[in-house]
>>> print(open('final-v9.cif').read())   # mmCIF, C-alpha atoms
data_my_file
loop_
_atom_site.group_PDB
_atom_site.id
_atom_site.type_symbol
_atom_site.label_atom_id
_atom_site.label_comp_id
_atom_site.auth_asym_id
_atom_site.auth_seq_id
_atom_site.Cartn_x
_atom_site.Cartn_y
_atom_site.Cartn_z
ATOM 1 C CA MET A 1 55.989 14.610 83.780
ATOM 2 C CA MET A 2 57.402 11.115 84.030
ATOM 3 C CA GLU A 3 55.385 8.917 81.641
ATOM 4 C CA TYR A 4 55.146 5.917 83.943
ATOM 5 C CA LEU A 5 53.598 8.116 86.623
ATOM 6 C CA SER A 6 50.808 9.460 84.457
ATOM 7 C CA ASN A 7 49.696 6.303 82.632
ATOM 8 C CA PRO A 8 47.102 3.916 84.082
ATOM 9 C CA ARG A 9 48.731 0.969 85.831
ATOM 10 C CA PRO A 10 47.526 -2.226 87.515
ATOM 11 C CA PRO A 11 46.821 -2.202 91.287
ATOM 12 C CA GLN A 12 50.091 -3.890 92.241
ATOM 13 C CA GLU A 13 51.928 -0.901 90.760
ATOM 14 C CA ARG A 14 49.638 1.628 92.434
ATOM 15 C CA ILE A 15 49.759 0.442 96.037
ATOM 16 C CA GLY A 16 52.986 0.705 97.991
ATOM 17 C CA MET A 17 53.963 0.444 101.646
ATOM 18 C CA MET A 18 55.374 2.882 104.156
ATOM 19 C CA ILE A 19 58.378 1.443 105.959
ATOM 20 C CA TRP A 20 59.610 3.346 108.992
ATOM 21 C CA PRO A 21 63.406 3.640 109.154
ATOM 22 C CA THR A 22 65.350 1.820 111.835
ATOM 23 C CA ASP A 23 69.091 1.376 111.992
ATOM 24 C CA PRO A 24 70.587 1.045 108.490
ATOM 25 C CA LEU A 25 71.311 -2.698 108.599
ATOM 26 C CA SER A 26 67.836 -3.575 109.892
ATOM 27 C CA LEU A 27 66.219 -1.320 107.310
ATOM 28 C CA VAL A 28 68.158 -2.940 104.459
ATOM 29 C CA ASN A 29 67.115 -6.393 105.679
ATOM 30 C CA THR A 30 63.490 -5.254 105.895
ATOM 31 C CA LEU A 31 63.569 -3.912 102.357
ATOM 32 C CA VAL A 32 64.999 -7.207 101.083
ATOM 33 C CA ASN A 33 62.130 -9.067 102.787
ATOM 34 C CA VAL A 34 59.528 -6.638 101.441
ATOM 35 C CA GLU A 35 60.766 -7.135 97.883
ATOM 36 C CA GLU A 36 60.708 -10.903 98.341
ATOM 37 C CA ALA A 37 57.045 -10.577 99.395
ATOM 38 C CA GLY A 38 56.317 -9.035 95.986
ATOM 39 C CA VAL A 39 55.877 -5.380 96.981
ATOM 40 C CA ARG A 40 56.730 -3.086 94.057
ATOM 41 C CA GLN A 41 57.342 0.207 95.864
ATOM 42 C CA VAL A 42 58.039 1.524 99.360
ATOM 43 C CA TRP A 43 57.938 4.975 100.885
ATOM 44 C CA LEU A 44 60.336 5.782 103.698
ATOM 45 C CA PRO A 45 60.196 8.728 106.097
ATOM 46 C CA VAL A 46 63.535 10.403 106.652
ATOM 47 C CA GLY A 47 63.010 10.819 110.403
ATOM 48 C CA TRP A 48 64.451 13.417 112.714
ATOM 49 C CA ALA A 49 67.766 15.190 112.333
ATOM 50 C CA GLY A 50 70.533 12.987 113.654
ATOM 51 C CA ASN A 51 69.018 9.792 112.236
ATOM 52 C CA PRO A 52 71.154 7.819 109.769
ATOM 53 C CA ASP A 53 71.036 9.343 106.286
ATOM 54 C CA LEU A 54 68.257 7.653 104.329
ATOM 55 C CA LEU A 55 69.736 7.990 100.843
ATOM 56 C CA THR A 56 72.986 6.420 102.019
ATOM 57 C CA THR A 57 71.034 3.485 103.439
ATOM 58 C CA LEU A 58 69.028 3.147 100.237
ATOM 59 C CA ALA A 59 72.261 2.900 98.260
ATOM 60 C CA ALA A 60 73.106 -0.165 100.324
ATOM 61 C CA ALA A 61 69.576 -1.539 99.879
ATOM 62 C CA ALA A 62 69.840 -1.059 96.125
ATOM 63 C CA GLU A 63 72.748 -3.498 96.037
ATOM 64 C CA ARG A 64 70.687 -6.217 97.741
ATOM 65 C CA THR A 65 67.433 -5.700 95.839
ATOM 66 C CA SER A 66 66.672 -5.619 92.131
ATOM 67 C CA ARG A 67 63.132 -4.296 91.549
ATOM 68 C CA LEU A 68 61.924 -2.398 94.583
ATOM 69 C CA ILE A 69 61.227 1.286 93.935
ATOM 70 C CA PHE A 70 62.321 3.571 96.769
ATOM 71 C CA GLY A 71 60.395 6.724 97.652
ATOM 72 C CA THR A 72 61.525 9.299 100.204
ATOM 73 C CA ALA A 73 58.620 10.653 102.233
ATOM 74 C CA ILE A 74 59.935 13.121 102.893
ATOM 75 C CA ILE A 75 63.315 14.818 102.714
ATOM 76 C CA GLN A 76 62.939 18.196 104.407
ATOM 77 C CA VAL A 77 64.191 20.806 101.995
ATOM 78 C CA PHE A 78 65.886 22.901 104.657
ATOM 79 C CA SER A 79 68.167 19.972 105.535
ATOM 80 C CA ARG A 80 70.298 20.200 102.374
ATOM 81 C CA HIS A 81 70.931 22.511 99.458
ATOM 82 C CA PRO A 82 69.114 21.424 96.270
ATOM 83 C CA VAL A 83 72.444 20.908 94.501
ATOM 84 C CA LEU A 84 73.539 18.485 97.229
ATOM 85 C CA LEU A 85 70.229 16.631 97.083
ATOM 86 C CA ALA A 86 70.509 16.383 93.295
ATOM 87 C CA THR A 87 74.024 14.954 93.665
ATOM 88 C CA GLN A 88 72.819 12.345 96.167
ATOM 89 C CA ALA A 89 69.802 11.402 94.075
ATOM 90 C CA LEU A 90 71.808 11.044 90.871
ATOM 91 C CA SER A 91 74.365 8.896 92.688
ATOM 92 C CA LEU A 92 71.623 6.551 93.838
ATOM 93 C CA TYR A 93 70.114 6.547 90.349
ATOM 94 C CA SER A 94 73.442 5.377 88.921
ATOM 95 C CA LEU A 95 73.297 2.383 91.283
ATOM 96 C CA ALA A 96 69.598 1.686 90.778
ATOM 97 C CA PRO A 97 68.251 3.272 87.578
ATOM 98 C CA ASN A 98 64.547 4.166 87.589
ATOM 99 C CA ARG A 99 64.117 2.992 91.178
ATOM 100 C CA LEU A 100 64.048 6.324 93.047
ATOM 101 C CA ARG A 101 61.106 8.673 93.586
ATOM 102 C CA LEU A 102 62.246 11.765 95.414
ATOM 103 C CA GLY A 103 59.700 13.096 97.894
ATOM 104 C CA VAL A 104 60.485 16.473 99.453
ATOM 105 C CA GLY A 105 58.661 18.883 101.731
ATOM 106 C CA VAL A 106 59.090 22.036 103.770
ATOM 107 C CA GLY A 107 58.733 20.644 107.289
ATOM 108 C CA THR A 108 58.376 23.444 109.840
ATOM 109 C CA THR A 109 59.967 26.877 110.089
ATOM 110 C CA GLU A 110 60.849 26.180 113.729
ATOM 111 C CA LEU A 111 62.921 23.082 112.911
ATOM 112 C CA ALA A 112 64.542 24.793 109.946
ATOM 113 C CA LYS A 113 65.711 27.631 112.193
ATOM 114 C CA SER A 114 66.611 25.684 115.340
ATOM 115 C CA ILE A 115 68.494 22.819 113.690
ATOM 116 C CA TYR A 116 69.982 24.282 110.516
ATOM 117 C CA GLY A 117 69.713 28.026 110.989
ATOM 118 C CA VAL A 118 67.652 28.306 107.808
ATOM 119 C CA GLU A 119 65.142 31.150 107.552
ATOM 120 C CA MET A 120 61.995 30.414 105.532
ATOM 121 C CA GLU A 121 59.947 33.604 105.561
ATOM 122 C CA SER A 122 57.476 31.953 103.217
ATOM 123 C CA GLN A 123 57.460 28.169 103.117
ATOM 124 C CA LEU A 124 55.706 28.075 99.760
ATOM 125 C CA SER A 125 58.160 30.526 98.174
ATOM 126 C CA TYR A 126 61.077 28.556 99.597
ATOM 127 C CA LEU A 127 59.698 25.294 98.215
ATOM 128 C CA ARG A 128 58.990 26.815 94.798
ATOM 129 C CA GLU A 129 62.532 28.114 94.466
ATOM 130 C CA TYR A 130 63.950 24.826 95.733
ATOM 131 C CA LEU A 131 62.105 23.009 92.954
ATOM 132 C CA GLN A 132 63.275 25.596 90.422
ATOM 133 C CA VAL A 133 66.837 24.504 91.172
ATOM 134 C CA LEU A 134 66.353 20.793 91.894
ATOM 135 C CA ILE A 135 64.135 19.670 89.014
ATOM 136 C CA PRO A 136 66.109 21.170 86.088
ATOM 137 C CA LEU A 137 69.368 19.970 87.606
ATOM 138 C CA LEU A 138 68.071 16.411 87.917
ATOM 139 C CA GLN A 139 66.238 16.154 84.649
ATOM 140 C CA GLN A 140 68.227 18.422 82.324
ATOM 141 C CA GLY A 141 71.544 18.483 84.147
ATOM 142 C CA ASP A 142 71.868 22.249 83.960
ATOM 143 C CA ILE A 143 70.965 25.168 86.239
ATOM 144 C CA HIS A 144 71.745 28.876 86.189
ATOM 145 C CA HIS A 145 69.784 30.386 89.046
ATOM 146 C CA GLN A 146 70.184 33.508 91.142
ATOM 147 C CA GLY A 147 67.242 33.742 93.502
ATOM 148 C CA HIS A 148 66.161 34.927 96.908
ATOM 149 C CA PHE A 149 67.017 31.701 98.752
ATOM 150 C CA PHE A 150 69.417 29.896 96.416
ATOM 151 C CA SER A 151 72.180 30.527 93.922
ATOM 152 C CA ALA A 152 73.392 27.779 91.639
ATOM 153 C CA ASP A 153 75.360 27.839 88.404
ATOM 154 C CA LEU A 154 76.543 24.442 87.206
ATOM 155 C CA SER A 155 75.989 21.501 84.898
ATOM 156 C CA PHE A 156 75.916 17.758 85.537
ATOM 157 C CA PRO A 157 77.169 15.368 82.837
ATOM 158 C CA THR A 158 74.553 12.693 83.526
ATOM 159 C CA PRO A 159 71.049 13.950 84.396
ATOM 160 C CA ALA A 160 68.312 11.401 85.021
ATOM 161 C CA PRO A 161 64.493 11.232 84.903
ATOM 162 C CA ILE A 162 64.007 11.132 88.686
ATOM 163 C CA PRO A 163 60.421 12.030 89.643
ATOM 164 C CA VAL A 164 60.109 14.726 92.301
ATOM 165 C CA LEU A 165 56.987 14.659 94.468
ATOM 166 C CA ILE A 166 56.126 17.085 97.240
ATOM 167 C CA ALA A 167 54.401 16.761 100.588
ATOM 168 C CA ALA A 168 51.192 18.776 100.470
ATOM 169 C CA LEU A 169 48.238 19.388 102.773
ATOM 170 C CA GLY A 170 46.549 22.516 101.453
ATOM 171 C CA PRO A 171 45.297 24.084 98.212
ATOM 172 C CA ALA A 172 48.267 26.390 97.612
ATOM 173 C CA THR A 173 50.772 23.533 97.756
ATOM 174 C CA PHE A 174 48.471 21.283 95.722
ATOM 175 C CA ARG A 175 48.417 23.944 93.030
ATOM 176 C CA LEU A 176 52.213 24.363 93.148
ATOM 177 C CA ALA A 177 52.580 20.621 92.663
ATOM 178 C CA GLY A 178 50.306 20.814 89.642
ATOM 179 C CA GLU A 179 52.580 23.446 88.147
ATOM 180 C CA MET A 180 55.964 21.889 88.894
ATOM 181 C CA ALA A 181 56.095 18.484 90.559
ATOM 182 C CA ASP A 182 55.596 14.847 89.553
ATOM 183 C CA GLY A 183 53.034 14.192 92.260
ATOM 184 C CA ILE A 184 51.912 14.943 95.801
ATOM 185 C CA LEU A 185 52.415 13.004 99.013
ATOM 186 C CA PRO A 186 49.559 13.998 101.336
ATOM 187 C CA PHE A 187 49.934 12.416 104.784
ATOM 188 C CA LEU A 188 46.796 11.617 106.827
ATOM 189 C CA CYS A 189 44.462 13.428 104.452
ATOM 190 C CA PRO A 190 40.917 11.980 104.274
ATOM 191 C CA ILE A 191 40.137 10.607 100.835
ATOM 192 C CA PRO A 192 37.082 12.883 100.292
ATOM 193 C CA TYR A 193 39.292 15.901 101.038
ATOM 194 C CA LEU A 194 41.781 14.776 98.412
ATOM 195 C CA LEU A 195 39.053 14.264 95.833
ATOM 196 C CA ASP A 196 37.218 17.514 96.600
ATOM 197 C CA THR A 197 40.160 19.830 97.348
ATOM 198 C CA ALA A 198 43.478 18.391 96.192
ATOM 199 C CA LEU A 199 42.337 17.089 92.825
ATOM 200 C CA PRO A 200 40.845 20.397 91.566
ATOM 201 C CA ALA A 201 43.831 22.408 92.818
ATOM 202 C CA LEU A 202 46.304 20.009 91.211
ATOM 203 C CA SER A 203 44.388 20.125 87.960
ATOM 204 C CA ALA A 204 44.209 23.922 88.014
ATOM 205 C CA GLY A 205 47.939 24.229 88.652
ATOM 206 C CA ALA A 206 48.740 21.837 85.833
ATOM 207 C CA ALA A 207 46.345 23.565 83.423
ATOM 208 C CA SER A 208 47.931 26.945 84.169
ATOM 209 C CA VAL A 209 51.221 25.782 82.653
ATOM 210 C CA GLY A 210 49.809 23.403 80.054
ATOM 211 C CA ARG A 211 50.892 20.104 81.564
ATOM 212 C CA THR A 212 49.210 16.869 82.592
ATOM 213 C CA ARG A 213 47.913 16.666 86.151
ATOM 214 C CA PRO A 214 50.419 14.835 88.357
ATOM 215 C CA PRO A 215 49.236 11.935 90.550
ATOM 216 C CA ILE A 216 48.055 11.890 94.133
ATOM 217 C CA VAL A 217 49.937 9.331 96.219
ATOM 218 C CA ALA A 218 47.664 9.109 99.242
ATOM 219 C CA HIS A 219 48.752 7.790 102.622
ATOM 220 C CA VAL A 220 46.241 5.340 104.118
ATOM 221 C CA PRO A 221 46.729 4.073 107.696
ATOM 222 C CA VAL A 222 45.893 0.352 107.887
ATOM 223 C CA ALA A 223 45.227 -1.774 110.980
ATOM 224 C CA LEU A 224 45.080 -5.523 110.534
ATOM 225 C CA THR A 225 42.201 -6.438 112.852
ATOM 226 C CA GLU A 226 38.474 -7.036 112.563
ATOM 227 C CA ASN A 227 37.954 -5.645 116.067
ATOM 228 C CA ARG A 228 36.722 -2.068 115.766
ATOM 229 C CA GLU A 229 37.755 -1.063 119.280
ATOM 230 C CA ALA A 230 41.222 -2.539 118.857
ATOM 231 C CA ALA A 231 41.624 -0.725 115.532
ATOM 232 C CA LEU A 232 40.561 2.629 116.979
ATOM 233 C CA LYS A 233 42.798 2.186 120.013
ATOM 234 C CA ALA A 234 45.771 1.391 117.781
ATOM 235 C CA GLY A 235 44.943 4.300 115.485
ATOM 236 C CA ARG A 236 44.706 6.727 118.387
ATOM 237 C CA LYS A 237 48.064 5.548 119.728
ATOM 238 C CA GLY A 238 49.852 5.489 116.385
ATOM 239 C CA LEU A 239 48.356 8.594 114.758
ATOM 240 C CA GLY A 240 47.387 10.855 117.663
ATOM 241 C CA PHE A 241 50.706 12.716 117.746
ATOM 242 C CA TYR A 242 50.373 13.729 114.096
ATOM 243 C CA ILE A 243 46.664 14.522 114.242
ATOM 244 C CA LYS A 244 47.199 17.020 117.061
ATOM 245 C CA SER A 245 50.123 18.809 115.410
ATOM 246 C CA PRO A 246 49.310 22.249 113.942
ATOM 247 C CA PHE A 247 49.649 21.403 110.240
ATOM 248 C CA TYR A 248 47.494 18.286 110.336
ATOM 249 C CA ARG A 249 45.050 19.844 112.775
ATOM 250 C CA LYS A 250 44.463 22.727 110.351
ATOM 251 C CA MET A 251 44.067 20.387 107.389
ATOM 252 C CA LEU A 252 41.586 18.141 109.190
ATOM 253 C CA VAL A 253 39.434 21.113 110.167
ATOM 254 C CA LYS A 254 39.429 22.209 106.510
ATOM 255 C CA ALA A 255 38.409 18.660 105.650
ATOM 256 C CA GLY A 256 35.252 19.076 107.728
ATOM 257 C CA PHE A 257 36.097 17.787 111.201
ATOM 258 C CA SER A 258 35.393 19.867 114.274
ATOM 259 C CA ILE A 259 38.138 21.174 116.538
ATOM 260 C CA GLN A 260 36.727 18.956 119.262
ATOM 261 C CA GLU A 261 36.989 15.825 117.085
ATOM 262 C CA VAL A 262 40.571 16.623 116.147
ATOM 263 C CA ASP A 263 41.773 17.510 119.637
ATOM 264 C CA ALA A 264 40.169 14.394 121.113
ATOM 265 C CA VAL A 265 41.323 12.170 118.224
ATOM 266 C CA ALA A 266 37.692 11.102 118.191
ATOM 267 C CA ASP A 267 36.347 7.802 116.916
ATOM 268 C CA THR A 268 34.435 9.678 114.215
ATOM 269 C CA LEU A 269 37.731 11.073 112.923
ATOM 270 C CA LEU A 270 39.678 7.824 113.101
ATOM 271 C CA GLU A 271 36.948 5.896 111.292
ATOM 272 C CA LYS A 272 37.353 8.245 108.304
ATOM 273 C CA LEU A 273 41.149 7.923 108.235
ATOM 274 C CA LEU A 274 41.755 4.301 109.145
ATOM 275 C CA VAL A 275 41.243 1.202 107.043
ATOM 276 C CA TYR A 276 40.921 -1.937 109.160
ATOM 277 C CA GLY A 277 39.658 -5.515 108.917
ATOM 278 C CA ASN A 278 41.020 -8.846 107.763
ATOM 279 C CA ILE A 279 43.279 -9.090 104.731
ATOM 280 C CA SER A 280 40.369 -9.587 102.315
ATOM 281 C CA GLN A 281 38.428 -6.617 103.714
ATOM 282 C CA ILE A 282 41.473 -4.343 103.641
ATOM 283 C CA LYS A 283 42.271 -5.309 100.059
ATOM 284 C CA GLU A 284 38.706 -4.601 98.956
ATOM 285 C CA HIS A 285 38.705 -1.216 100.677
ATOM 286 C CA LEU A 286 41.999 -0.182 99.091
ATOM 287 C CA LEU A 287 40.800 -1.122 95.623
ATOM 288 C CA GLU A 288 37.626 0.899 96.224
ATOM 289 C CA ILE A 289 39.740 3.962 97.030
ATOM 290 C CA LEU A 290 41.655 3.568 93.786
ATOM 291 C CA HIS A 291 38.350 3.238 91.948
ATOM 292 C CA GLU A 292 37.162 6.536 93.457
ATOM 293 C CA GLY A 293 39.877 8.385 91.589
ATOM 294 C CA ILE A 294 43.015 8.334 93.742
ATOM 295 C CA ASP A 295 46.045 7.569 91.580
ATOM 296 C CA GLU A 296 48.202 5.703 94.081
ATOM 297 C CA LEU A 297 48.142 4.608 97.704
ATOM 298 C CA VAL A 298 50.832 4.091 100.264
ATOM 299 C CA ILE A 299 49.591 2.005 103.152
ATOM 300 C CA GLY A 300 50.964 2.819 106.569
ATOM 301 C CA PRO A 301 50.745 -0.202 108.892
ATOM 302 C CA VAL A 302 49.320 0.711 112.309
ATOM 303 C CA SER A 303 50.441 -1.858 114.845
ATOM 304 C CA VAL A 304 47.634 -3.563 116.786
ATOM 305 C CA SER A 305 49.374 -6.376 118.677
ATOM 306 C CA ASP A 306 52.268 -7.818 116.671
ATOM 307 C CA GLU A 307 53.933 -5.243 114.432
ATOM 308 C CA VAL A 308 56.267 -7.648 112.613
ATOM 309 C CA ARG A 309 53.558 -10.222 111.847
ATOM 310 C CA GLU A 310 51.031 -7.609 110.743
ATOM 311 C CA THR A 311 53.511 -5.774 108.512
ATOM 312 C CA THR A 312 54.582 -9.079 106.935
ATOM 313 C CA GLN A 313 50.980 -10.060 106.188
ATOM 314 C CA LEU A 314 50.204 -6.649 104.705
ATOM 315 C CA ALA A 315 53.341 -6.834 102.551
ATOM 316 C CA GLN A 316 52.240 -10.241 101.266
ATOM 317 C CA MET A 317 48.793 -8.832 100.468
ATOM 318 C CA VAL A 318 50.295 -5.950 98.492
ATOM 319 C CA GLY A 319 52.675 -8.305 96.729
ATOM 320 C CA GLN A 320 49.840 -10.571 95.628
ATOM 321 C CA LEU A 321 47.524 -7.894 94.224
#
>>> encode(input="final-v9.cif", output="C-alpha cells")
Amino acid sequence: MMEYLSNPRPPQERIGMMIWPTDPLSLVNTLVNVEEAGVRQVWLPVGWAGNPDLLTTLAAAAERTSRLIFGTAIIQVFSRHPVLLATQALSLYSLAPNRLRLGVGVGTTELAKSIYGVEMESQLSYLREYLQVLIPLLQQGDIHHQGHFFSADLSFPTPAPIPVLIAALGPATFRLAGEMADGILPFLCPIPYLLDTALPALSAGAASVGRTRPPIVAHVPVALTENREAALKAGRKGLGFYIKSPFYRKMLVKAGFSIQEVDAVADTLLEKLLVYGNISQIKEHLLEILHEGIDELVIGPVSVSDEVRETTQLAQMVGQL
C-alpha cells in the first residue's frame, strides 16, 4: 500500500477532477490550465480504441506541468499486455516521479473480443492475473509468472512505487481490490452504496491478506447550476448513456433503485447521483461526502450551458479548497 494513499490528507489533496480527453495538444493545454488553477490531481478516461494514446499524451503534459498528479480512469486491461503497461508507466514515472496513479479495469468481454481478439472467460480471473503480473513488476521490478492468461519472466532495473487502482462496481471486485490494489475507482456509484457495500467488501479483502484497506476514489457528477430542472436535464443528457448500460444498470439496481427508475433515468435516480448548486453549495456537499467516510472524490463536470466556463469555475473551486 502506498503510504500517501492511506494517510489522512487535507481536502485539497482528496478532491480531484475528471478531465475528458480531446486531441493531445488541447488536452495538454487543459492540464496546464488546471494545474494553474490549483488542482492537485486529475483523472482521465482513456476513451475508445483508436483515440490518441493517453500515456503518451501525459508524457507531454508532464513536461509542461510540475505538480499535477495524473490518474488513468481507466486503461482497459485487454488493450495491452501487463508488461507493456508496466513499461509505459515506468517511462512516465521517470519523467514525472510520484505523479502517476494507474487506474485499470476489465471493460467488456465484447470489446475485448471484437477489437483485440482477447478472450476473457472470467473477467475477475483475468483482472486478478493481470494484477499478479503488473503490480510486482512495477513495484519490485521482477516477475516470474506462468498463468492461464499471461506468461512473463523478466526483471526491470528501475521499479517504482506507482499506485495501481481498479475500476469496480460490485462486491467481488471490491474484495479483490482489498486484497491486491491501491484503491478502487467506482464510476457513478451512489455514495450510500459505496459506504454500505464497497467499504465492507474492501475491508474484508484487505483483512484476508493482512493489509490496510485501500481507499475509495468515488466519482461524483457535478452540475454548476442552482436550477434543479436544468441540473436534472444536464444530468440525464450527460449520464443517461452510462446509466442504461448493462454494468451500471445492474449496479444501480443493487444499490436500491428500481428497474423503472434506471431505464427512465428518473429524477429520483439523478438526484441521488448528482451534486448541483452554486460553487459554495457544491463545495459544502463535497466536504460532507468526505466526512461521511469516502476517502477521495473525483468530480465529473456535467455541462449545463457553458462547458468551458463551468469547468474552469469548478477547477478554481477545487484549487482553493
>>> closest_residue(input="final-v9.cif", among="A:Phe257, A:Tyr193, A:Gln320, A:Leu111", to="Glu35 of chain A", atoms="all atoms listed in the file")
A:Gln320
>>> residues_around(input="final-v9.cif", residues="segment 124-129 of chain A", least_positions_apart="2", cutoff="10 Å", atoms="only C-alpha atoms", output="PyMOL selection string")
chain A and resi 76-78+82+104-106+119-122+131-134+145-151+166+172-173+176-177+179-181
>>> resolve_selection(input="final-v9.cif", expression="the PyMOL selection byres ((chain A and resi 158) around 9)", output="list in words")
Leu90, Leu138, Gln140, Gly141, Phe156, Pro157, Pro159 and Ala160 of chain A
>>> closest_residue(input="final-v9.cif", among="A:Ala96, A:Pro45, A:Met317, A:Val83", to="Trp20 of chain A", atoms="only C-alpha atoms")
A:Pro45
>>> resolve_selection(input="final-v9.cif", expression="the PyMOL selection byres ((chain A and resi 278-289) around 9)", output="ChimeraX atom specification")
/A:11,15,191,220,222-226,275-277,290-294,297,299,313-314,317-318,321
>>> closest_residue(input="final-v9.cif", among="A:Glu36, A:Glu261, A:Glu63, A:Asp23", to="Gly319 of chain A", atoms="only C-alpha atoms")
A:Glu36
>>> residues_near_point(input="final-v9.cif", point="(56.2, 12.2, 93.4)", cutoff="9 Å", atoms="all atoms listed in the file", output="short mmCIF file (atom, residue, chain, number, x, y, z; two decimals) with C-alpha atoms, in the coordinates of the input")
data_model
loop_
_atom_site.label_atom_id
_atom_site.label_comp_id
_atom_site.auth_asym_id
_atom_site.auth_seq_id
_atom_site.Cartn_x
_atom_site.Cartn_y
_atom_site.Cartn_z
CA LEU A 5 53.60 8.12 86.62
CA GLY A 71 60.40 6.72 97.65
CA ARG A 101 61.11 8.67 93.59
CA LEU A 102 62.25 11.76 95.41
CA GLY A 103 59.70 13.10 97.89
CA VAL A 104 60.48 16.47 99.45
CA PRO A 163 60.42 12.03 89.64
CA VAL A 164 60.11 14.73 92.30
CA LEU A 165 56.99 14.66 94.47
CA ILE A 166 56.13 17.08 97.24
CA ALA A 167 54.40 16.76 100.59
CA ALA A 181 56.10 18.48 90.56
CA ASP A 182 55.60 14.85 89.55
CA GLY A 183 53.03 14.19 92.26
CA ILE A 184 51.91 14.94 95.80
CA LEU A 185 52.42 13.00 99.01
CA PRO A 214 50.42 14.84 88.36
CA PRO A 215 49.24 11.94 90.55
CA ILE A 216 48.06 11.89 94.13
CA VAL A 217 49.94 9.33 96.22
#
>>> resolve_selection(input="final-v9.cif", expression="the PyMOL selection byres ((chain A and resi 255) around 10)", output="PDB file with C-alpha atoms, keeping the file's coordinate frame")
ATOM      1  CA  GLY A 170      46.549  22.516 101.453  1.00  0.00           C
ATOM      2  CA  CYS A 189      44.462  13.428 104.452  1.00  0.00           C
ATOM      3  CA  PRO A 190      40.917  11.980 104.274  1.00  0.00           C
ATOM      4  CA  ILE A 191      40.137  10.607 100.835  1.00  0.00           C
ATOM      5  CA  PRO A 192      37.082  12.883 100.292  1.00  0.00           C
ATOM      6  CA  TYR A 193      39.292  15.901 101.038  1.00  0.00           C
ATOM      7  CA  LEU A 194      41.781  14.776  98.412  1.00  0.00           C
ATOM      8  CA  ASP A 196      37.218  17.514  96.600  1.00  0.00           C
ATOM      9  CA  THR A 197      40.160  19.830  97.348  1.00  0.00           C
ATOM     10  CA  ARG A 249      45.050  19.844 112.775  1.00  0.00           C
ATOM     11  CA  LYS A 250      44.463  22.727 110.351  1.00  0.00           C
ATOM     12  CA  MET A 251      44.067  20.387 107.389  1.00  0.00           C
ATOM     13  CA  LEU A 252      41.586  18.141 109.190  1.00  0.00           C
ATOM     14  CA  VAL A 253      39.434  21.113 110.167  1.00  0.00           C
ATOM     15  CA  LYS A 254      39.429  22.209 106.510  1.00  0.00           C
ATOM     16  CA  GLY A 256      35.252  19.076 107.728  1.00  0.00           C
ATOM     17  CA  PHE A 257      36.097  17.787 111.201  1.00  0.00           C
ATOM     18  CA  SER A 258      35.393  19.867 114.274  1.00  0.00           C
TER      19      SER A 258
END
>>> atom_distance(input="final-v9.cif", atom1="atom CA of Leu137 of chain A", atom2="atom CA of Ala89 of chain A")
10.7 Å
>>> residues_around(input="final-v9.cif", residues="Phe174 of chain A", least_positions_apart="6", cutoff="7 Å", atoms="all atoms listed in the file", output="list of chain:residue names")
A:Ala168, A:Ala198, A:Ala201, A:Leu202
>>> write_last_selection(input="final-v9.cif", atoms="C-alpha atoms", output="PDB file, keeping the file's coordinate frame")
ATOM      1  CA  ALA A 168      51.192  18.776 100.470  1.00  0.00           C
ATOM      2  CA  ALA A 198      43.478  18.391  96.192  1.00  0.00           C
ATOM      3  CA  ALA A 201      43.831  22.408  92.818  1.00  0.00           C
ATOM      4  CA  LEU A 202      46.304  20.009  91.211  1.00  0.00           C
TER       5      LEU A 202
END
>>> atom_distance(input="final-v9.cif", atom1="atom CA of Phe187 of chain A", atom2="atom CA of Gly47 of chain A")
14.3 Å
